[in-house]
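Text of work_17.pdb, listed as PDB, C-alpha atoms and all ligand atoms:
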MODEL        1
ATOM      1  CA  MET Y   1      27.340  30.105  -5.087  1.00  0.00           C
ATOM      2  CA  GLU Y   2      30.429  29.789  -7.218  1.00  0.00           C
ATOM      3  CA  ALA Y   3      29.015  32.189  -9.780  1.00  0.00           C
ATOM      4  CA  ALA Y   4      28.281  34.639  -7.012  1.00  0.00           C
ATOM      5  CA  LEU Y   5      31.852  34.398  -5.804  1.00  0.00           C
ATOM      6  CA  VAL Y   6      33.199  35.014  -9.275  1.00  0.00           C
ATOM      7  CA  GLU Y   7      30.963  38.001  -9.653  1.00  0.00           C
ATOM      8  CA  ALA Y   8      32.170  39.397  -6.379  1.00  0.00           C
ATOM      9  CA  GLY Y   9      35.746  38.918  -7.518  1.00  0.00           C
ATOM     10  CA  VAL Y  10      36.740  36.992  -4.446  1.00  0.00           C
ATOM     11  CA  LEU Y  11      37.011  33.487  -5.865  1.00  0.00           C
ATOM     12  CA  LYS Y  12      40.152  31.946  -4.481  1.00  0.00           C
ATOM     13  CA  GLN Y  13      42.138  30.237  -7.165  1.00  0.00           C
ATOM     14  CA  HIS Y  14      45.696  29.148  -7.610  1.00  0.00           C
ATOM     15  CA  LEU Y  15      47.329  30.663 -10.632  1.00  0.00           C
ATOM     16  CA  ILE Y  16      50.241  29.082 -12.426  1.00  0.00           C
ATOM     17  CA  ASP Y  17      52.534  31.609 -14.026  1.00  0.00           C
ATOM     18  CA  PRO Y  18      53.222  30.373 -17.569  1.00  0.00           C
ATOM     19  CA  GLU Y  19      56.346  32.534 -17.739  1.00  0.00           C
ATOM     20  CA  ILE Y  20      57.960  30.650 -14.852  1.00  0.00           C
ATOM     21  CA  CYS Y  21      56.485  27.160 -15.145  1.00  0.00           C
ATOM     22  CA  ILE Y  22      58.856  24.623 -16.711  1.00  0.00           C
ATOM     23  CA  ARG Y  23      56.097  22.048 -17.384  1.00  0.00           C
ATOM     24  CA  CYS Y  24      57.665  19.486 -15.109  1.00  0.00           C
ATOM     25  CA  ASN Y  25      54.278  17.937 -14.250  1.00  0.00           C
ATOM     26  CA  THR Y  26      55.085  17.786 -10.533  1.00  0.00           C
ATOM     27  CA  CYS Y  27      51.976  19.704  -9.547  1.00  0.00           C
ATOM     28  CA  GLU Y  28      49.670  17.606 -11.677  1.00  0.00           C
ATOM     29  CA  ALA Y  29      51.146  14.433 -10.205  1.00  0.00           C
ATOM     30  CA  THR Y  30      50.892  15.850  -6.679  1.00  0.00           C
ATOM     31  CA  CYS Y  31      47.357  17.157  -6.591  1.00  0.00           C
ATOM     32  CA  PRO Y  32      45.236  14.626  -4.685  1.00  0.00           C
ATOM     33  CA  VAL Y  33      42.004  15.591  -6.389  1.00  0.00           C
ATOM     34  CA  GLY Y  34      43.223  15.967  -9.969  1.00  0.00           C
ATOM     35  CA  ALA Y  35      42.533  19.688 -10.102  1.00  0.00           C
ATOM     36  CA  ILE Y  36      45.638  20.463 -12.131  1.00  0.00           C
ATOM     37  CA  THR Y  37      45.580  19.763 -15.834  1.00  0.00           C
ATOM     38  CA  HIS Y  38      47.529  20.930 -18.820  1.00  0.00           C
ATOM     39  CA  ASP Y  39      47.082  21.420 -22.509  1.00  0.00           C
ATOM     40  CA  ASP Y  40      49.914  21.576 -25.016  1.00  0.00           C
ATOM     41  CA  ARG Y  41      50.994  24.951 -23.627  1.00  0.00           C
ATOM     42  CA  ASN Y  42      50.111  25.596 -20.038  1.00  0.00           C
ATOM     43  CA  TYR Y  43      49.357  24.047 -16.690  1.00  0.00           C
ATOM     44  CA  VAL Y  44      46.152  25.245 -15.143  1.00  0.00           C
ATOM     45  CA  VAL Y  45      44.368  24.764 -11.838  1.00  0.00           C
ATOM     46  CA  ARG Y  46      40.684  24.103 -12.151  1.00  0.00           C
ATOM     47  CA  ALA Y  47      39.077  26.240  -9.493  1.00  0.00           C
ATOM     48  CA  ASP Y  48      35.917  24.144  -9.560  1.00  0.00           C
ATOM     49  CA  ILE Y  49      37.854  21.078  -8.431  1.00  0.00           C
ATOM     50  CA  CYS Y  50      40.635  22.546  -6.266  1.00  0.00           C
ATOM     51  CA  ASN Y  51      39.944  22.242  -2.545  1.00  0.00           C
ATOM     52  CA  GLY Y  52      42.679  24.621  -1.479  1.00  0.00           C
ATOM     53  CA  CYS Y  53      44.791  21.985   0.272  1.00  0.00           C
ATOM     54  CA  MET Y  54      48.038  23.721  -0.805  1.00  0.00           C
ATOM     55  CA  ASP Y  55      49.801  20.404  -1.471  1.00  0.00           C
ATOM     56  CA  CYS Y  56      50.900  21.630  -4.881  1.00  0.00           C
ATOM     57  CA  ILE Y  57      52.613  24.807  -3.713  1.00  0.00           C
ATOM     58  CA  SER Y  58      55.867  23.638  -2.122  1.00  0.00           C
ATOM     59  CA  PRO Y  59      56.653  20.764  -4.548  1.00  0.00           C
ATOM     60  CA  CYS Y  60      56.769  23.148  -7.499  1.00  0.00           C
ATOM     61  CA  PRO Y  61      60.498  23.583  -8.234  1.00  0.00           C
ATOM     62  CA  THR Y  62      60.053  27.025  -9.713  1.00  0.00           C
ATOM     63  CA  GLY Y  63      57.513  28.596  -7.378  1.00  0.00           C
ATOM     64  CA  SER Y  64      55.135  29.096 -10.260  1.00  0.00           C
ATOM     65  CA  ILE Y  65      51.980  28.453  -8.298  1.00  0.00           C
ATOM     66  CA  ASP Y  66      50.440  31.391  -6.535  1.00  0.00           C
ATOM     67  CA  ASN Y  67      47.462  31.260  -4.247  1.00  0.00           C
TER
HETATM   68  S1  LIG Y 101      45.701  23.327  -3.652  1.00  0.00           S
HETATM   69 FE1  LIG Y 101      45.461  21.095  -3.484  1.00  0.00          FE
HETATM   70  S2  LIG Y 101      43.575  20.626  -4.607  1.00  0.00           S
HETATM   71 FE2  LIG Y 101      44.219  22.684  -5.229  1.00  0.00          FE
HETATM   72  S3  LIG Y 101      45.445  22.363  -7.087  1.00  0.00           S
HETATM   73 FE3  LIG Y 101      46.867  22.413  -5.345  1.00  0.00          FE
HETATM   74  S4  LIG Y 101      47.121  20.250  -4.731  1.00  0.00           S
HETATM   75 FE4  LIG Y 101      45.289  20.387  -6.022  1.00  0.00          FE
HETATM   76  S1  LIG Y 102      55.182  21.963 -10.517  1.00  0.00           S
HETATM   77 FE1  LIG Y 102      55.491  24.143 -11.049  1.00  0.00          FE
HETATM   78  S2  LIG Y 102      56.981  24.150 -12.738  1.00  0.00           S
HETATM   79 FE2  LIG Y 102      56.161  22.049 -12.550  1.00  0.00          FE
HETATM   80  S3  LIG Y 102      54.458  21.974 -14.014  1.00  0.00           S
HETATM   81 FE3  LIG Y 102      53.581  22.545 -12.007  1.00  0.00          FE
HETATM   82  S4  LIG Y 102      53.585  24.809 -11.988  1.00  0.00           S
HETATM   83 FE4  LIG Y 102      54.937  24.160 -13.647  1.00  0.00          FE
ENDMDL
END
If you took the structure in this file and wrote it as structure tokens, what would it be?
Ligand code: SF4
Ligand code: SF4
Amino acid sequence: MEAALVEAGVLKQHLIDPEICIRCNTCEATCPVGAITHDDRNYVVRADICNGCMDCISPCPTGSIDN
């Protein structure tokens, strides 16, 4: 089902803009299901774990997270 959604181009996923994100870790600490992770460069939302609860959107101090 997920593959089908990706193919159709309608998979809903939060995107974190690496140009705006200040790597404050607020989103990662906020996400109740651990869907937000980061490597040494960027914060990313794992679409396969994210449940779309939106809890991460308003706490982000820079508005980096789109939906
Ligand atoms: S919408 Fe909810 S589940 Fe998805 S990344 Fe944000 S806080 Fe986590
Ligand atoms: S809360 Fe916003 S600024 Fe902070 S790490 Fe997450 S996306 Fe980046």
Q: Any chance you could resolve the PyMOL selection byres (((chain Y and resi 50) around 12) and not hetatm) against this file and give the residues as a ChimeraX atom specification?
A: /Y:11-15,28,31-37,44-49,51-56,67
Q | Protein and nucleic acid residues within 8 Å of ligand LIG 102 (chain Y) (all atoms listed in the file) as a list in words | A | Ile16, Asp17, Pro18, Ile20, Cys21, Ile22, Arg23, Cys24, Asn25, Thr26, Cys27, Glu28, Tyr43, Cys56, Ile57, Pro59, Cys60, Pro61, Thr62, Gly63, Ser64 and Ile65 of chain Y
Hey, can I get the axis-aligned box for ligand LIG 101 (chain Y)? All listed atoms, 4 Å padding on each side, centre and edge lengths in Å to one decimal, as JSON.
{"center_x": 45.3, "center_y": 21.8, "center_z": -5.3, "size_x": 11.5, "size_y": 11.1, "size_z": 11.6}
Emit segment 54-67 of chain Y of the structure in the block as a file comprising N, CA and C atoms, as a compact mmCIF listing (two decimals), in the first residue's frame.
# COMPACT_ATOMS: atom_id res chain seq x y z
N MET Y 54 1.08 15.84 13.75
CA MET Y 54 1.37 17.28 13.67
C MET Y 54 2.01 17.87 14.93
N ASP Y 55 2.32 17.06 15.93
CA ASP Y 55 2.89 17.57 17.16
C ASP Y 55 4.23 18.28 16.96
N CYS Y 56 4.92 17.94 15.89
CA CYS Y 56 6.24 18.51 15.67
C CYS Y 56 6.20 19.87 14.98
N ILE Y 57 5.07 20.23 14.40
CA ILE Y 57 5.03 21.43 13.57
C ILE Y 57 5.19 22.72 14.36
N SER Y 58 4.32 22.95 15.35
CA SER Y 58 4.38 24.23 16.07
C SER Y 58 5.59 24.39 16.99
N PRO Y 59 6.14 23.31 17.59
CA PRO Y 59 7.32 23.51 18.45
C PRO Y 59 8.57 23.93 17.69
N CYS Y 60 8.64 23.69 16.41
CA CYS Y 60 9.84 24.05 15.66
C CYS Y 60 10.01 25.56 15.65
N PRO Y 61 11.11 26.06 16.21
CA PRO Y 61 11.31 27.51 16.34
C PRO Y 61 11.54 28.23 15.02
N THR Y 62 11.82 27.50 13.98
CA THR Y 62 12.13 28.14 12.72
C THR Y 62 11.09 27.87 11.62
N GLY Y 63 10.09 27.08 11.95
CA GLY Y 63 9.09 26.75 10.93
C GLY Y 63 9.64 25.94 9.79
N SER Y 64 10.61 25.09 10.11
CA SER Y 64 11.27 24.31 9.06
C SER Y 64 10.45 23.13 8.56
N ILE Y 65 9.49 22.72 9.36
CA ILE Y 65 8.78 21.49 9.02
C ILE Y 65 7.49 21.77 8.25
N ASP Y 66 7.46 21.24 7.06
CA ASP Y 66 6.31 21.43 6.20
C ASP Y 66 5.45 20.17 6.29
N ASN Y 67 4.25 20.24 5.80
CA ASN Y 67 3.46 19.00 5.82
C ASN Y 67 2.78 18.74 4.49
